[in-house]
Amino acid sequence: MCDRHGRWVAPDFRGVDFSRRRFIERAAGATLAVAVPVGFTRAADPPIKATHGAGFCNLNFFYAHALHLAAEEGLDLELVETPGFSDQVAFLGEGQVDLGVLPYTSYMALYDQGAPVKIVGGGGIQGCLLLAGPGLDTPAKLKGRTLGTFQLDTLEVLPYDWLKTHGVNFKDITVRYMGSMPEAVEAFKAGAIDMFGAIEPYGTTLLNEVPGSIKLTDGTDIYGPGYTDCVFAARTEVIDKNPHAVKGMLRAMMRAQAMAEKDPEAALNKLVGPYYKTSIENARMAMSSQPSVVDNRNQERFILERSRSLVEMGYIKRQPAPDAMVWTLLEAVIAENPALYSSLKYKSA
């Protein structure tokens, strides 16, 4: 689950100079630096600053940080905590961080506004659900009802696409943008919203706790299995001038994925608490429902096609072209580590 920190406020990059790193005064984030284990030397290069959500699409990224795998790659990785989700996106667009994990829908907003950021790898797959209250078991019954979701998020695009597929116009429902995931969960429990664009583990938890609640879709019926929720993106200046750092992060995340797939309990015991504020039981559910996958090259077409929905919704004016993705560094890591890549359960090839 990519964390939905709060209401989306689309960053306005019109006054930003994308040709240089510009540290603006607003919303300065607190930085959490990785502790380098004894026996490793800090990289001579400047620290690599990264932003992230707090959900399971970040699992490989978090596990690489927790186990110091980035340090083993010679990277001085700093996790930057942002005040809100729109700040996370803005920090990447403005150059306050070098790379990060974010919903592909948010990446499209950066691309649309000309931010020098490219998708270089994957985050989480699947894990998005559209829930409805008791009795709302057909598309026709949803007209005039209220959807709780998060603006410019995969959890808004999924309901839009599913309703459109079933002949329900988004204008036929009331869309309520929630302030946070806990707020949305409580609103659905209380019946204050009729539908909810949920992410795991909240979706399955609500289905178990709200009598009569209905899972309208988990996305696989309209998108197919393995559809992307989040992506791993980097600034072009880092890709061009410091490619070994991006490769190092991709390799570290790939190692983390292999370790988590081999021993998921060990991964959860390491991550629940410091990185995931949830129970082990909910974390197990989330991990199985939303795998974290580094190699998402087979999702390029899906990501580009979803941009049509964002254009229709009025969020972006131009659809991303294939140049939004730069796979060369990921492909180099795969070629240089064939045994590691072969061991992965989830991958494109």
# chains A, B, ... in the order shown; residues from 1 in each chain; ligands from 1
call {"tool": "closest_atom_pairs", "arguments": {"of": "region 58-163 of chain A", "to": "region 270-285 of chain A", "cutoff": "9 Å", "atoms": "only C-alpha atoms", "output": "Markdown table"}}
result
| residue | atom | partner | partner_atom | distance |
| --- | --- | --- | --- | --- |
| A:Leu59 | CA | A:Leu271 | CA | 8.2 |
| A:Phe62 | CA | A:Tyr275 | CA | 7.2 |
| A:Tyr63 | CA | A:Leu271 | CA | 7.0 |
| A:Ala66 | CA | A:Lys270 | CA | 7.4 |
| A:Leu67 | CA | A:Lys270 | CA | 8.7 |
call {"tool": "closest_atom_pairs", "arguments": {"of": "region 110-224 of chain A", "to": "region 287-304 of chain A", "cutoff": "7 Å", "atoms": "only C-alpha atoms", "output": "CSV"}}
result
residue,atom,partner,partner_atom,distance
A:Gly121,CA,A:Val294,CA,5.6
A:Gly122,CA,A:Val294,CA,4.4
A:Gly123,CA,A:Ser292,CA,5.4
A:Gly124,CA,A:Ser292,CA,4.2
A:Ile125,CA,A:Gln290,CA,5.5
A:Gln126,CA,A:Gln290,CA,5.3
A:Gly127,CA,A:Gln290,CA,4.6
A:Glu200,CA,A:Ser289,CA,6.9
call {"tool": "write_last_selection", "arguments": {"atoms": "N, CA and C atoms", "output": "PDB file, in the first residue's frame"}}
result
ATOM      1  N   GLY A 121      12.079   1.842 -12.250  1.00  0.00           N
ATOM      2  CA  GLY A 121      11.811   0.525 -11.699  1.00  0.00           C
ATOM      3  C   GLY A 121      10.424   0.478 -11.091  1.00  0.00           C
ATOM      4  N   GLY A 122      10.146  -0.617 -10.404  1.00  0.00           N
ATOM      5  CA  GLY A 122       8.806  -0.849  -9.892  1.00  0.00           C
ATOM      6  C   GLY A 122       8.677  -0.684  -8.394  1.00  0.00           C
ATOM      7  N   GLY A 123       7.429  -0.553  -7.966  1.00  0.00           N
ATOM      8  CA  GLY A 123       7.070  -0.545  -6.545  1.00  0.00           C
ATOM      9  C   GLY A 123       6.141  -1.710  -6.287  1.00  0.00           C
ATOM     10  N   GLY A 124       4.887  -1.423  -5.918  1.00  0.00           N
ATOM     11  CA  GLY A 124       3.946  -2.490  -5.619  1.00  0.00           C
ATOM     12  C   GLY A 124       3.035  -2.799  -6.789  1.00  0.00           C
ATOM     13  N   ILE A 125       2.482  -4.008  -6.783  1.00  0.00           N
ATOM     14  CA  ILE A 125       1.493  -4.404  -7.776  1.00  0.00           C
ATOM     15  C   ILE A 125       0.214  -4.822  -7.055  1.00  0.00           C
ATOM     16  N   GLN A 126      -0.919  -4.525  -7.707  1.00  0.00           N
ATOM     17  CA  GLN A 126      -2.246  -4.861  -7.192  1.00  0.00           C
ATOM     18  C   GLN A 126      -2.490  -4.204  -5.826  1.00  0.00           C
ATOM     19  N   GLY A 127      -3.362  -4.788  -5.013  1.00  0.00           N
ATOM     20  CA  GLY A 127      -3.612  -4.284  -3.668  1.00  0.00           C
ATOM     21  C   GLY A 127      -4.636  -3.175  -3.574  1.00  0.00           C
ATOM     22  N   GLU A 200      -4.740  -2.383   0.550  1.00  0.00           N
ATOM     23  CA  GLU A 200      -4.482  -3.384   1.576  1.00  0.00           C
ATOM     24  C   GLU A 200      -3.493  -2.856   2.614  1.00  0.00           C
TER      25      GLU A 200
END
call {"tool": "closest_residue", "arguments": {"among": "A:Trp162, A:Tyr107, A:Phe196, A:Phe150", "to": "Ile316 (chain A)", "atoms": "only C-alpha atoms"}}
result
A:Tyr107
call {"tool": "closest_atom_pairs", "arguments": {"of": "region 38-102 of chain A", "to": "region 232-242 of chain A", "cutoff": "12 Å", "atoms": "only C-alpha atoms", "output": "CSV"}}
result
residue,atom,partner,partner_atom,distance
A:Asp45,CA,A:Asn242,CA,9.0
A:Pro46,CA,A:Asn242,CA,10.3
A:Pro47,CA,A:Asn242,CA,11.4
A:Ile48,CA,A:Val238,CA,9.3
A:Lys49,CA,A:Ala234,CA,10.4
A:Ala50,CA,A:Ala234,CA,9.0
A:Thr51,CA,A:Ala233,CA,10.0
A:His52,CA,A:Phe232,CA,9.3
A:Gly53,CA,A:Phe232,CA,11.2
A:Cys57,CA,A:Phe232,CA,9.5
A:Asn58,CA,A:Phe232,CA,9.0
A:Leu59,CA,A:Phe232,CA,11.7
A:Asn60,CA,A:Phe232,CA,10.5
A:Phe61,CA,A:Phe232,CA,9.1
A:Leu75,CA,A:Asn242,CA,11.1
A:Val89,CA,A:Ala233,CA,10.6
A:Phe91,CA,A:Arg235,CA,10.7
A:Leu92,CA,A:Arg235,CA,7.3
A:Gly93,CA,A:Arg235,CA,7.9
A:Glu94,CA,A:Arg235,CA,9.4
A:Gly95,CA,A:Arg235,CA,7.4
A:Gln96,CA,A:Arg235,CA,10.1
A:Val97,CA,A:Arg235,CA,8.3
A:Asp98,CA,A:Arg235,CA,5.7
A:Leu99,CA,A:Ala234,CA,4.1
A:Gly100,CA,A:Ala233,CA,5.5
A:Val101,CA,A:Phe232,CA,4.6
A:Leu102,CA,A:Phe232,CA,6.7
call {"tool": "residues_around", "arguments": {"residues": "Ala192 (chain A)", "least_positions_apart": "4", "cutoff": "10 Å", "atoms": "only C-alpha atoms", "output": "tab-separated table (two decimals) with C-alpha atoms, in the first residue's frame"}}
result
chain	number	residue	atom	x	y	z
A	146	THR	CA	-20.77	8.83	-2.27
A	147	LEU	CA	-17.24	7.57	-2.97
A	148	GLY	CA	-14.47	8.21	-0.47
A	184	ALA	CA	-11.58	7.07	5.28
A	186	GLU	CA	-13.74	5.21	9.94
A	187	ALA	CA	-16.06	6.97	7.48
A	188	PHE	CA	-16.78	3.68	5.70
call {"tool": "select_by_dssp", "arguments": {"residues": "region 178-238 of chain A", "states": "strand (DSSP E or B)", "output": "number ranges by chain"}}
result
A: 195-199, 214-217, 228, 230-235
call {"tool": "residues_around", "arguments": {"residues": "Met108 (chain A)", "least_positions_apart": "6", "cutoff": "12 Å", "atoms": "only C-alpha atoms", "output": "VMD selection string"}}
result
chain A and resid 10 89 93 102 114 to 119 152 to 154 230 to 231 233 303 to 311 315 to 321 324 to 325
call {"tool": "select_by_dssp", "arguments": {"residues": "region 151-181 of chain A", "states": "alpha helix (DSSP H)", "output": "number ranges by chain"}}
result
A: 154-165, 181
call {"tool": "closest_residue", "arguments": {"among": "A:Leu136, A:Cys128, A:Val175, A:Val210", "to": "Ala198 (chain A)", "atoms": "only C-alpha atoms"}}
result
A:Cys128
call {"tool": "residues_around", "arguments": {"residues": "Pro159 (chain A)", "least_positions_apart": "6", "cutoff": "9 Å", "atoms": "only C-alpha atoms", "output": "MDAnalysis selection string"}}
result
chainID A and resid 129:130 147 149 170 196:197 217 219
call {"tool": "write_last_selection", "arguments": {"atoms": "N, CA and C atoms", "output": "tab-separated table (two decimals), in the first residue's frame"}}
result
chain	number	residue	atom	x	y	z
A	129	LEU	N	-8.55	-1.79	-4.00
A	129	LEU	CA	-9.90	-2.33	-3.99
A	129	LEU	C	-10.93	-1.22	-4.03
A	130	LEU	N	-12.10	-1.53	-4.58
A	130	LEU	CA	-13.26	-0.66	-4.50
A	130	LEU	C	-14.31	-1.40	-3.69
A	147	LEU	N	-18.52	8.30	-2.96
A	147	LEU	CA	-17.24	7.57	-2.97
A	147	LEU	C	-16.23	8.33	-2.13
A	149	THR	N	-12.30	8.69	-1.45
A	149	THR	CA	-11.03	8.32	-2.10
A	149	THR	C	-10.02	9.43	-1.90
A	170	PHE	N	-18.67	9.16	-13.71
A	170	PHE	CA	-18.18	9.71	-12.44
A	170	PHE	C	-19.05	10.89	-11.98
A	196	PHE	N	-15.67	3.04	-1.15
A	196	PHE	CA	-14.35	3.40	-0.63
A	196	PHE	C	-13.28	2.81	-1.53
A	197	GLY	N	-12.39	3.67	-2.04
A	197	GLY	CA	-11.21	3.22	-2.76
A	197	GLY	C	-10.14	2.88	-1.74
A	217	THR	N	-14.51	-4.65	-6.76
A	217	THR	CA	-13.38	-5.03	-7.62
A	217	THR	C	-12.08	-4.93	-6.85
A	219	GLY	N	-9.48	-4.76	-9.01
A	219	GLY	CA	-8.74	-4.26	-10.17
A	219	GLY	C	-8.37	-5.31	-11.19
call {"tool": "atom_distance", "arguments": {"atom1": "CA of Pro103 (chain A)", "atom2": "CA of Met181 (chain A)"}}
result
15.1 Å
call {"tool": "residues_around", "arguments": {"residues": "Asn169 (chain A)", "least_positions_apart": "4", "cutoff": "9 Å", "atoms": "only C-alpha atoms", "output": "PyMOL selection string"}}
result
chain A and resi 143+160+163-164+173
